[in-house]
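For reference, run.txt is printed below; it contains compact mmCIF, N, CA, C and O atoms.
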# COMPACT_ATOMS: atom_id res chain seq x y z
N MET A 178 225.53 331.81 192.19
CA MET A 178 224.21 332.07 191.61
C MET A 178 224.31 331.98 190.09
O MET A 178 225.20 332.57 189.48
N GLN A 179 223.41 331.25 189.50
CA GLN A 179 223.43 331.07 188.05
C GLN A 179 222.74 332.24 187.36
O GLN A 179 221.71 332.73 187.81
N GLU A 180 223.34 332.68 186.26
CA GLU A 180 222.79 333.79 185.49
C GLU A 180 221.62 333.30 184.63
O GLU A 180 221.66 332.21 184.08
N TYR A 181 220.58 334.12 184.53
CA TYR A 181 219.43 333.80 183.69
C TYR A 181 219.67 334.42 182.32
O TYR A 181 219.82 335.62 182.19
N GLY A 182 219.77 333.60 181.29
CA GLY A 182 220.12 334.08 179.95
C GLY A 182 218.98 333.94 178.97
O GLY A 182 219.08 333.16 178.03
N SER A 183 217.90 334.66 179.19
CA SER A 183 216.77 334.53 178.28
C SER A 183 217.04 335.26 176.98
O SER A 183 217.72 336.28 176.95
N ARG A 184 216.53 334.71 175.91
CA ARG A 184 216.67 335.31 174.59
C ARG A 184 215.28 335.47 174.00
O ARG A 184 214.50 334.54 173.93
N PHE A 185 214.98 336.70 173.58
CA PHE A 185 213.67 337.00 173.01
C PHE A 185 213.85 338.17 172.06
O PHE A 185 214.41 339.20 172.43
N ARG A 186 213.43 338.01 170.84
CA ARG A 186 213.55 339.09 169.87
C ARG A 186 212.22 339.24 169.13
O ARG A 186 211.89 338.45 168.25
N ALA A 187 211.49 340.26 169.52
CA ALA A 187 210.23 340.54 168.83
C ALA A 187 210.51 341.22 167.50
O ALA A 187 211.43 342.02 167.38
N ILE A 188 209.70 340.91 166.50
CA ILE A 188 209.85 341.50 165.18
C ILE A 188 208.55 342.23 164.85
O ILE A 188 207.47 341.64 164.92
N SER A 189 208.65 343.51 164.52
CA SER A 189 207.46 344.32 164.25
C SER A 189 207.66 345.21 163.03
O SER A 189 207.88 346.42 163.15
N PRO A 190 207.61 344.65 161.83
CA PRO A 190 207.76 345.50 160.65
C PRO A 190 206.49 346.32 160.40
O PRO A 190 205.39 345.92 160.77
N TYR A 191 206.69 347.48 159.78
CA TYR A 191 205.52 348.31 159.44
C TYR A 191 205.80 349.10 158.17
O TYR A 191 206.95 349.34 157.80
N VAL A 192 204.73 349.50 157.53
CA VAL A 192 204.80 350.39 156.37
C VAL A 192 203.79 351.50 156.60
O VAL A 192 202.76 351.30 157.24
N GLN A 193 204.11 352.67 156.08
CA GLN A 193 203.23 353.82 156.27
C GLN A 193 203.34 354.72 155.05
O GLN A 193 204.41 354.84 154.46
N ASP A 194 202.23 355.36 154.70
CA ASP A 194 202.26 356.28 153.58
C ASP A 194 201.14 357.31 153.75
O ASP A 194 200.17 357.08 154.47
N ASN A 195 201.30 358.43 153.10
CA ASN A 195 200.29 359.50 153.09
C ASN A 195 199.83 359.71 151.66
O ASN A 195 200.66 359.81 150.75
N TRP A 196 198.52 359.76 151.46
CA TRP A 196 197.94 360.03 150.15
C TRP A 196 197.07 361.27 150.22
O TRP A 196 196.15 361.34 151.04
N LYS A 197 197.36 362.22 149.37
CA LYS A 197 196.55 363.43 149.31
C LYS A 197 195.44 363.19 148.28
O LYS A 197 195.68 363.17 147.07
N VAL A 198 194.22 362.95 148.77
CA VAL A 198 193.08 362.63 147.91
C VAL A 198 192.57 363.90 147.24
O VAL A 198 192.39 363.94 146.02
N THR A 199 192.32 364.93 148.03
CA THR A 199 191.93 366.25 147.51
C THR A 199 192.77 367.29 148.26
O THR A 199 193.58 366.94 149.11
N SER A 200 192.55 368.54 147.97
CA SER A 200 193.32 369.59 148.65
C SER A 200 192.97 369.68 150.14
O SER A 200 193.75 370.20 150.93
N LYS A 201 191.80 369.15 150.52
CA LYS A 201 191.38 369.20 151.92
C LYS A 201 191.36 367.83 152.60
O LYS A 201 191.01 367.73 153.76
N LEU A 202 191.72 366.77 151.86
CA LEU A 202 191.66 365.42 152.44
C LEU A 202 192.97 364.68 152.17
O LEU A 202 193.35 364.45 151.02
N THR A 203 193.64 364.32 153.26
CA THR A 203 194.86 363.51 153.19
C THR A 203 194.65 362.26 154.02
O THR A 203 194.19 362.33 155.17
N LEU A 204 194.98 361.10 153.47
CA LEU A 204 194.86 359.84 154.19
C LEU A 204 196.24 359.42 154.69
O LEU A 204 197.20 359.32 153.90
N ASP A 205 196.35 359.21 155.99
CA ASP A 205 197.57 358.67 156.61
C ASP A 205 197.28 357.22 156.96
O ASP A 205 196.54 356.93 157.91
N LEU A 206 197.86 356.28 156.21
CA LEU A 206 197.57 354.87 156.40
C LEU A 206 198.84 354.12 156.74
O LEU A 206 199.93 354.45 156.28
N GLY A 207 198.69 353.10 157.58
CA GLY A 207 199.84 352.28 157.94
C GLY A 207 199.40 350.87 158.26
O GLY A 207 198.24 350.61 158.57
N LEU A 208 200.35 349.95 158.17
CA LEU A 208 200.11 348.55 158.47
C LEU A 208 201.28 348.03 159.28
O LEU A 208 202.44 348.27 158.93
N ARG A 209 200.98 347.34 160.36
CA ARG A 209 202.02 346.81 161.23
C ARG A 209 201.70 345.36 161.57
O ARG A 209 200.55 345.00 161.79
N TYR A 210 202.75 344.52 161.61
CA TYR A 210 202.60 343.12 161.98
C TYR A 210 203.55 342.84 163.14
O TYR A 210 204.75 343.08 163.04
N ASP A 211 203.02 342.34 164.26
CA ASP A 211 203.83 342.01 165.43
C ASP A 211 203.99 340.51 165.53
O ASP A 211 203.01 339.76 165.55
N PHE A 212 205.24 340.06 165.59
CA PHE A 212 205.55 338.64 165.75
C PHE A 212 206.36 338.47 167.02
O PHE A 212 207.42 339.09 167.18
N PHE A 213 205.86 337.66 167.95
CA PHE A 213 206.52 337.42 169.22
C PHE A 213 206.92 335.95 169.30
O PHE A 213 206.09 335.09 169.61
N PRO A 214 208.18 335.62 169.03
CA PRO A 214 208.61 334.23 169.13
C PRO A 214 208.66 333.78 170.58
O PRO A 214 208.58 334.59 171.51
N THR A 215 208.82 332.49 170.79
CA THR A 215 208.86 331.93 172.12
C THR A 215 210.16 332.31 172.83
O THR A 215 211.21 332.37 172.23
N LEU A 216 210.05 332.57 174.13
CA LEU A 216 211.22 332.87 174.96
C LEU A 216 212.12 331.65 175.00
O LEU A 216 211.66 330.53 175.14
N ARG A 217 213.42 331.88 174.89
CA ARG A 217 214.41 330.80 174.93
C ARG A 217 215.42 331.12 176.02
O ARG A 217 215.84 332.25 176.18
N GLU A 218 215.83 330.13 176.79
CA GLU A 218 216.78 330.30 177.88
C GLU A 218 218.05 329.54 177.55
O GLU A 218 218.03 328.31 177.43
N VAL A 219 219.18 330.22 177.40
CA VAL A 219 220.40 329.58 176.92
C VAL A 219 221.11 328.74 177.97
O VAL A 219 221.89 327.86 177.63
N HIS A 220 220.86 328.98 179.25
CA HIS A 220 221.51 328.21 180.31
C HIS A 220 220.60 327.11 180.86
O HIS A 220 220.93 326.49 181.88
N ASP A 221 219.46 326.89 180.23
CA ASP A 221 218.49 325.87 180.66
C ASP A 221 218.04 326.09 182.10
O ASP A 221 217.82 325.16 182.86
N ASN A 222 217.89 327.33 182.48
CA ASN A 222 217.49 327.71 183.83
C ASN A 222 216.04 328.22 183.79
O ASN A 222 215.77 329.39 184.06
N MET A 223 215.11 327.35 183.41
CA MET A 223 213.73 327.76 183.24
C MET A 223 212.79 326.62 183.60
O MET A 223 213.11 325.45 183.39
N SER A 224 211.66 326.96 184.16
CA SER A 224 210.60 325.99 184.37
C SER A 224 209.29 326.62 183.89
O SER A 224 209.16 327.83 183.82
N PHE A 225 208.32 325.77 183.56
CA PHE A 225 207.04 326.26 183.05
C PHE A 225 205.98 325.19 183.28
O PHE A 225 206.29 324.04 183.52
N ILE A 226 204.73 325.60 183.20
CA ILE A 226 203.60 324.68 183.34
C ILE A 226 203.28 324.10 181.96
O ILE A 226 203.03 324.83 181.02
N ASN A 227 203.30 322.78 181.87
CA ASN A 227 202.93 322.09 180.64
C ASN A 227 201.54 321.49 180.85
O ASN A 227 201.38 320.56 181.64
N LEU A 228 200.55 322.01 180.14
CA LEU A 228 199.17 321.55 180.31
C LEU A 228 198.91 320.20 179.66
O LEU A 228 197.86 319.60 179.86
N ASN A 229 199.87 319.70 178.88
CA ASN A 229 199.72 318.39 178.24
C ASN A 229 200.19 317.25 179.14
O ASN A 229 199.97 316.08 178.82
N LEU A 230 200.84 317.56 180.24
CA LEU A 230 201.29 316.53 181.19
C LEU A 230 200.29 316.38 182.32
O LEU A 230 199.60 317.32 182.68
N THR A 231 200.24 315.21 182.89
CA THR A 231 199.38 314.98 184.05
C THR A 231 200.21 315.20 185.32
O THR A 231 201.31 314.67 185.45
N ASN A 232 199.65 315.95 186.23
CA ASN A 232 200.32 316.21 187.51
C ASN A 232 200.37 314.91 188.30
O ASN A 232 199.32 314.32 188.59
N PRO A 233 201.56 314.44 188.70
CA PRO A 233 201.64 313.16 189.40
C PRO A 233 201.05 313.19 190.80
O PRO A 233 200.68 312.16 191.35
N VAL A 234 200.92 314.36 191.40
CA VAL A 234 200.39 314.47 192.76
C VAL A 234 198.87 314.48 192.76
O VAL A 234 198.21 313.77 193.53
N THR A 235 198.27 315.29 191.87
CA THR A 235 196.81 315.45 191.87
C THR A 235 196.11 314.64 190.80
O THR A 235 194.90 314.44 190.88
N GLY A 236 196.83 314.21 189.75
CA GLY A 236 196.20 313.47 188.66
C GLY A 236 195.43 314.36 187.70
O GLY A 236 194.70 313.86 186.85
N THR A 237 195.59 315.68 187.80
CA THR A 237 194.89 316.61 186.93
C THR A 237 195.85 317.12 185.85
O THR A 237 197.07 317.04 186.00
N PRO A 238 195.32 317.69 184.76
CA PRO A 238 196.20 318.22 183.72
C PRO A 238 197.01 319.42 184.23
O PRO A 238 196.51 320.24 185.00
N GLY A 239 198.27 319.48 183.81
CA GLY A 239 199.13 320.60 184.17
C GLY A 239 200.19 320.19 185.18
O GLY A 239 199.87 319.89 186.32
N ALA A 240 201.43 320.14 184.73
CA ALA A 240 202.53 319.79 185.62
C ALA A 240 203.72 320.70 185.34
O ALA A 240 203.89 321.20 184.23
N LEU A 241 204.54 320.91 186.35
CA LEU A 241 205.74 321.71 186.21
C LEU A 241 206.78 320.94 185.42
O LEU A 241 207.03 319.76 185.69
N GLN A 242 207.38 321.59 184.44
CA GLN A 242 208.39 320.95 183.60
C GLN A 242 209.61 321.86 183.54
O GLN A 242 209.49 323.08 183.58
N PHE A 243 210.79 321.26 183.45
CA PHE A 243 212.04 322.00 183.46
C PHE A 243 212.72 321.93 182.11
O PHE A 243 212.75 320.88 181.47
N ALA A 244 213.29 323.05 181.67
CA ALA A 244 214.04 323.10 180.41
C ALA A 244 215.39 322.44 180.61
O ALA A 244 215.88 322.32 181.72
N GLY A 245 215.99 322.02 179.52
CA GLY A 245 217.32 321.44 179.58
C GLY A 245 217.34 320.05 178.97
O GLY A 245 216.38 319.60 178.36
N THR A 246 218.46 319.37 179.16
CA THR A 246 218.60 318.01 178.67
C THR A 246 219.00 317.12 179.84
O THR A 246 219.68 317.55 180.76
N GLY A 247 218.54 315.90 179.81
CA GLY A 247 218.86 314.96 180.87
C GLY A 247 217.62 314.50 181.60
O GLY A 247 216.49 314.78 181.19
N PRO A 248 217.80 313.82 182.73
CA PRO A 248 216.65 313.31 183.48
C PRO A 248 215.82 314.44 184.08
O PRO A 248 216.35 315.49 184.44
N ASN A 249 214.53 314.23 184.17
CA ASN A 249 213.56 315.19 184.74
C ASN A 249 213.51 316.51 183.99
O ASN A 249 213.23 317.55 184.57
N THR A 250 213.82 316.50 182.70
CA THR A 250 213.70 317.71 181.88
C THR A 250 212.88 317.38 180.63
O THR A 250 212.58 316.23 180.36
N CYS A 251 212.56 318.42 179.88
CA CYS A 251 211.79 318.23 178.65
C CYS A 251 212.69 318.03 177.43
O CYS A 251 212.19 317.87 176.33
N ASN A 252 214.02 318.06 177.63
CA ASN A 252 214.98 318.00 176.52
C ASN A 252 214.69 319.11 175.50
O ASN A 252 214.66 318.89 174.30
N CYS A 253 214.47 320.31 176.03
CA CYS A 253 214.17 321.47 175.20
C CYS A 253 214.75 322.71 175.87
O CYS A 253 215.15 322.67 177.01
N ARG A 254 214.75 323.82 175.14
CA ARG A 254 215.20 325.10 175.69
C ARG A 254 214.08 326.12 175.76
O ARG A 254 214.30 327.25 176.16
N THR A 255 212.90 325.73 175.34
CA THR A 255 211.78 326.65 175.31
C THR A 255 210.47 325.88 175.55
O THR A 255 210.40 324.71 175.22
N PRO A 256 209.48 326.51 176.14
CA PRO A 256 208.19 325.82 176.29
C PRO A 256 207.61 325.48 174.92
O PRO A 256 207.64 326.28 174.01
N SER A 257 207.13 324.25 174.77
CA SER A 257 206.57 323.87 173.47
C SER A 257 205.08 323.85 173.47
O SER A 257 204.42 324.08 174.38
Step by step, read the file and then write its structure as C-alpha cells.
Amino acid sequence: MQEYGSRFRAISPYVQDNWKVTSKLTLDLGLRYDFFPTLREVHDNMSFINLNLTNPVTGTPGALQFAGTGPNTCNCRTPS
C-alpha cells in the first residue's frame, strides 16, 4: 500500500492591541490574515477534477486528472 504524503501549511499571521480611550472605554482590536496554499502530494498519489478539460466519455467540461509525471498525468504535483 502506498503512503499518502500530502503537504499543506496554512499561514495565519495576526496582530492585536488594546487601547484605553477613556477610563471606562478600552478598545480591543485585532487583524488576522489567513492564507491557504494549494495541497501538494509528494508521492504523486492524487487525482482531482479539472474543469478545464473535456470529459472524453460525455463531452462535457470536467475530467479526472492524475498528479505526477509521465503518460496520463498532468505533469504536476498539485491541482492547478
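Atom pair atom N of Ile188 in chain A / atom N of Phe212 in chain A has a distance of 4.6 Å (rounded to one decimal).
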How big is the axis-aligned box, and where does its centre sit, when it encloses all atoms of range 201-210 of chain A listed in the file and has 6 Å added on every side, reported in Å to one decimal as AutoDock Vina command-line options?
--center_x 197.9 --center_y 356.0 --center_z 156.8 --size_x 25.7 --size_y 38.4 --size_z 24.6
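The space separating CA of Pro238 in chain A from CA of Arg254 in chain A comes to 21.7 Å.
Pairwise distance (atom C of Leu204 in chain A, atom N of Val192 in chain A) equals 13.4 Å.
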Minimum-distance residue to Val219 in chain A, chosen among A:Pro190, A:Gly245, A:Pro233, A:Pro256 (using only C-alpha atoms):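 Residue with the minimum atom-to-atom distance to Val219 in chain A: A:Gly245.
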Point (198.6, 323.9, 183.4) neighbourhood (8 Å, all atoms listed in the file) written as a ChimeraX atom specification: /A:225-230,237-241
Exercise: residues within 6 Å of coordinate (205.0, 346.8, 163.7), counting only N, CA, C and O atoms, as a list in words: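 Counting only N, CA, C and O atoms, I find these residues within 6 Å of (205.0, 346.8, 163.7): Ile188, Ser189, Pro190, Tyr191, Leu208, Arg209, Tyr210 and Asp211 of chain A.
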